[in-house]
Amino acid sequence: MVPQLPIKAPAWLDEFQKFVMRGNVVDLAVGIIIGAAFTAIVGSLVKDLFNPVIGLLLGGIDFSNIFITLKGPTTPTLEAAKAAGAVTLNVGLFLNAVIQFLIVAFAVFWMVKVLTTLQQKKEAAPAAPPPPTTTEVLLTEIRDLLATKG
């Protein structure tokens, strides 16, 4: 039989585990996951709801097909231009990204505003005064007794 040597874990592994398990890192990871899901929702909101309405109001324009062909054949749609190997400036896709950013920024603004208001209400709630110390109680009783005798 070959003797088994104990395998010692590297010293940094324990430090890394402590780092990952701190509250801030876990909170950050949860925030990133929720942010990714929120981004998908906002992307769908812009692409599937806002852009058709805005396009309809602007005379049937499809934002995703607003592009400038720099090199290659001129085509009616961006997909056809990409299939033909054309080099394009995708202005419509950029506009979609700007709209998505504005929606996310607006939602984050209101979320922070609501959370700040809730936090201020918590802090503004008056705390009950601390009970008087035994010395204060005794001095109050002595004062009251002196007031009734005088």
# chains A, B, ... in the order shown; residues from 1 in each chain; ligands from 1

call {"tool": "select_by_dssp", "arguments": {"residues": "stretch 14-134 of chain A", "states": "strand (DSSP E or B)", "output": "number ranges by chain"}}
result
A: 68-71, 87-89

call {"tool": "residues_around", "arguments": {"residues": "A:Thr88", "least_positions_apart": "3", "cutoff": "12 Å", "atoms": "only C-alpha atoms", "output": "list of chain:residue names"}}
result
A:Asn65, A:Ile66, A:Phe67, A:Ile68, A:Thr69, A:Leu70, A:Lys71, A:Gly72, A:Pro73, A:Thr74, A:Thr75, A:Thr77, A:Leu78, A:Glu79, A:Ala80, A:Ala81, A:Lys82, A:Ala83, A:Ala84, A:Gly85, A:Val91, A:Gly92, A:Leu93

call {"tool": "write_last_selection", "arguments": {"atoms": "C-alpha atoms", "output": "mmCIF file, in the first residue's frame"}}
result
data_model
loop_
_atom_site.group_PDB
_atom_site.id
_atom_site.type_symbol
_atom_site.label_atom_id
_atom_site.label_comp_id
_atom_site.auth_asym_id
_atom_site.auth_seq_id
_atom_site.Cartn_x
_atom_site.Cartn_y
_atom_site.Cartn_z
ATOM 1 C CA ASN A 65 -34.829 48.800 -39.522
ATOM 2 C CA ILE A 66 -33.429 52.312 -39.304
ATOM 3 C CA PHE A 67 -29.864 51.883 -40.523
ATOM 4 C CA ILE A 68 -27.331 53.415 -42.873
ATOM 5 C CA THR A 69 -25.467 51.175 -45.298
ATOM 6 C CA LEU A 70 -21.784 52.121 -45.367
ATOM 7 C CA LYS A 71 -20.587 49.378 -47.718
ATOM 8 C CA GLY A 72 -22.440 46.698 -49.571
ATOM 9 C CA PRO A 73 -25.815 46.321 -51.223
ATOM 10 C CA THR A 74 -28.704 48.547 -50.193
ATOM 11 C CA THR A 75 -31.521 46.449 -48.721
ATOM 12 C CA THR A 77 -34.261 45.546 -43.856
ATOM 13 C CA LEU A 78 -31.333 45.255 -41.485
ATOM 14 C CA GLU A 79 -31.554 41.454 -41.520
ATOM 15 C CA ALA A 80 -31.237 41.409 -45.296
ATOM 16 C CA ALA A 81 -28.260 43.785 -45.142
ATOM 17 C CA LYS A 82 -26.514 41.585 -42.576
ATOM 18 C CA ALA A 83 -27.251 38.482 -44.668
ATOM 19 C CA ALA A 84 -25.718 40.211 -47.700
ATOM 20 C CA GLY A 85 -22.602 41.101 -45.685
ATOM 21 C CA VAL A 91 -29.236 53.832 -35.770
ATOM 22 C CA GLY A 92 -32.543 52.175 -34.847
ATOM 23 C CA LEU A 93 -30.924 49.612 -32.568
#

call {"tool": "closest_residue", "arguments": {"among": "A:Asn51, A:Thr140, A:Thr39, A:Gln119", "to": "A:Ala105", "atoms": "only C-alpha atoms"}}
result
A:Thr39

call {"tool": "residues_around", "arguments": {"residues": "A:Phe38", "least_positions_apart": "2", "cutoff": "12 Å", "atoms": "only C-alpha atoms", "output": "PDB file with N, CA, C and O atoms, in the first residue's frame"}}
result
ATOM      1  N   GLY A  31     -28.393  41.310  -6.385  1.00  0.00           N
ATOM      2  CA  GLY A  31     -28.725  42.506  -7.156  1.00  0.00           C
ATOM      3  C   GLY A  31     -28.412  42.350  -8.628  1.00  0.00           C
ATOM      4  O   GLY A  31     -29.183  42.779  -9.491  1.00  0.00           O
ATOM      5  N   ILE A  32     -27.286  41.730  -8.925  1.00  0.00           N
ATOM      6  CA  ILE A  32     -26.912  41.528 -10.329  1.00  0.00           C
ATOM      7  C   ILE A  32     -27.885  40.577 -11.008  1.00  0.00           C
ATOM      8  O   ILE A  32     -28.310  40.807 -12.146  1.00  0.00           O
ATOM      9  N   ILE A  33     -28.275  39.524 -10.329  1.00  0.00           N
ATOM     10  CA  ILE A  33     -29.219  38.564 -10.911  1.00  0.00           C
ATOM     11  C   ILE A  33     -30.576  39.222 -11.159  1.00  0.00           C
ATOM     12  O   ILE A  33     -31.171  39.087 -12.230  1.00  0.00           O
ATOM     13  N   ILE A  34     -31.055  39.976 -10.185  1.00  0.00           N
ATOM     14  CA  ILE A  34     -32.337  40.669 -10.360  1.00  0.00           C
ATOM     15  C   ILE A  34     -32.214  41.728 -11.452  1.00  0.00           C
ATOM     16  O   ILE A  34     -33.131  41.921 -12.249  1.00  0.00           O
ATOM     17  N   GLY A  35     -31.071  42.402 -11.510  1.00  0.00           N
ATOM     18  CA  GLY A  35     -30.844  43.404 -12.549  1.00  0.00           C
ATOM     19  C   GLY A  35     -30.883  42.798 -13.939  1.00  0.00           C
ATOM     20  O   GLY A  35     -31.430  43.392 -14.873  1.00  0.00           O
ATOM     21  N   ALA A  36     -30.311  41.613 -14.091  1.00  0.00           N
ATOM     22  CA  ALA A  36     -30.334  40.947 -15.394  1.00  0.00           C
ATOM     23  C   ALA A  36     -31.770  40.596 -15.792  1.00  0.00           C
ATOM     24  O   ALA A  36     -32.165  40.787 -16.950  1.00  0.00           O
ATOM     25  N   ALA A  40     -34.045  42.193 -18.978  1.00  0.00           N
ATOM     26  CA  ALA A  40     -34.793  41.426 -19.976  1.00  0.00           C
ATOM     27  C   ALA A  40     -36.228  41.928 -20.078  1.00  0.00           C
ATOM     28  O   ALA A  40     -36.779  42.042 -21.176  1.00  0.00           O
ATOM     29  N   ILE A  41     -36.827  42.249 -18.941  1.00  0.00           N
ATOM     30  CA  ILE A  41     -38.205  42.761 -18.942  1.00  0.00           C
ATOM     31  C   ILE A  41     -38.258  44.114 -19.641  1.00  0.00           C
ATOM     32  O   ILE A  41     -39.137  44.364 -20.466  1.00  0.00           O
ATOM     33  N   VAL A  42     -37.315  44.988 -19.319  1.00  0.00           N
ATOM     34  CA  VAL A  42     -37.305  46.319 -19.945  1.00  0.00           C
ATOM     35  C   VAL A  42     -37.033  46.193 -21.441  1.00  0.00           C
ATOM     36  O   VAL A  42     -37.648  46.895 -22.250  1.00  0.00           O
ATOM     37  N   GLY A  43     -36.145  45.282 -21.827  1.00  0.00           N
ATOM     38  CA  GLY A  43     -35.878  45.075 -23.252  1.00  0.00           C
ATOM     39  C   GLY A  43     -37.133  44.670 -23.999  1.00  0.00           C
ATOM     40  O   GLY A  43     -37.420  45.184 -25.083  1.00  0.00           O
ATOM     41  N   SER A  44     -37.890  43.765 -23.416  1.00  0.00           N
ATOM     42  CA  SER A  44     -39.145  43.349 -24.038  1.00  0.00           C
ATOM     43  C   SER A  44     -40.149  44.502 -24.049  1.00  0.00           C
ATOM     44  O   SER A  44     -40.876  44.677 -25.027  1.00  0.00           O
ATOM     45  N   LEU A  45     -40.202  45.258 -22.973  1.00  0.00           N
ATOM     46  CA  LEU A  45     -41.118  46.404 -22.903  1.00  0.00           C
ATOM     47  C   LEU A  45     -40.839  47.387 -24.033  1.00  0.00           C
ATOM     48  O   LEU A  45     -41.758  47.838 -24.723  1.00  0.00           O
ATOM     49  N   GLN A 100     -34.287  51.994 -23.758  1.00  0.00           N
ATOM     50  CA  GLN A 100     -34.156  51.041 -22.651  1.00  0.00           C
ATOM     51  C   GLN A 100     -33.427  51.670 -21.475  1.00  0.00           C
ATOM     52  O   GLN A 100     -33.829  51.514 -20.325  1.00  0.00           O
ATOM     53  N   PHE A 101     -32.342  52.380 -21.759  1.00  0.00           N
ATOM     54  CA  PHE A 101     -31.593  53.036 -20.688  1.00  0.00           C
ATOM     55  C   PHE A 101     -32.466  54.042 -19.946  1.00  0.00           C
ATOM     56  O   PHE A 101     -32.457  54.092 -18.710  1.00  0.00           O
ATOM     57  N   ILE A 103     -35.689  54.086 -19.599  1.00  0.00           N
ATOM     58  CA  ILE A 103     -36.691  53.388 -18.788  1.00  0.00           C
ATOM     59  C   ILE A 103     -36.054  52.825 -17.522  1.00  0.00           C
ATOM     60  O   ILE A 103     -36.594  52.966 -16.424  1.00  0.00           O
ATOM     61  N   VAL A 104     -34.893  52.199 -17.661  1.00  0.00           N
ATOM     62  CA  VAL A 104     -34.206  51.645 -16.489  1.00  0.00           C
ATOM     63  C   VAL A 104     -33.826  52.773 -15.528  1.00  0.00           C
ATOM     64  O   VAL A 104     -34.028  52.668 -14.311  1.00  0.00           O
ATOM     65  N   ALA A 105     -33.275  53.864 -16.050  1.00  0.00           N
ATOM     66  CA  ALA A 105     -32.890  54.989 -15.199  1.00  0.00           C
ATOM     67  C   ALA A 105     -34.105  55.563 -14.477  1.00  0.00           C
ATOM     68  O   ALA A 105     -34.038  55.899 -13.284  1.00  0.00           O
ATOM     69  N   ALA A 107     -36.923  53.953 -13.724  1.00  0.00           N
ATOM     70  CA  ALA A 107     -37.370  52.989 -12.715  1.00  0.00           C
ATOM     71  C   ALA A 107     -36.451  52.998 -11.495  1.00  0.00           C
ATOM     72  O   ALA A 107     -36.919  52.977 -10.350  1.00  0.00           O
ATOM     73  N   VAL A 108     -35.145  53.053 -11.720  1.00  0.00           N
ATOM     74  CA  VAL A 108     -34.199  53.094 -10.600  1.00  0.00           C
ATOM     75  C   VAL A 108     -34.372  54.389  -9.808  1.00  0.00           C
ATOM     76  O   VAL A 108     -34.320  54.385  -8.574  1.00  0.00           O
TER      77      VAL A 108
END

call {"tool": "atom_distance", "arguments": {"atom1": "atom CA of A:Ala128", "atom2": "atom CA of A:Arg143"}}
result
24.5 Å

call {"tool": "select_by_dssp", "arguments": {"residues": "chain A", "states": "helix (DSSP H, G or I)", "output": "ChimeraX atom specification"}}
result
/A:11-21,23-57,63-65,78-83,91-124,134-149

call {"tool": "atom_distance", "arguments": {"atom1": "atom CA of A:Pro52", "atom2": "atom CA of A:Pro76"}}
result
18.0 Å

call {"tool": "atom_distance", "arguments": {"atom1": "atom CA of A:Phe50", "atom2": "atom CA of A:Val98"}}
result
12.4 Å
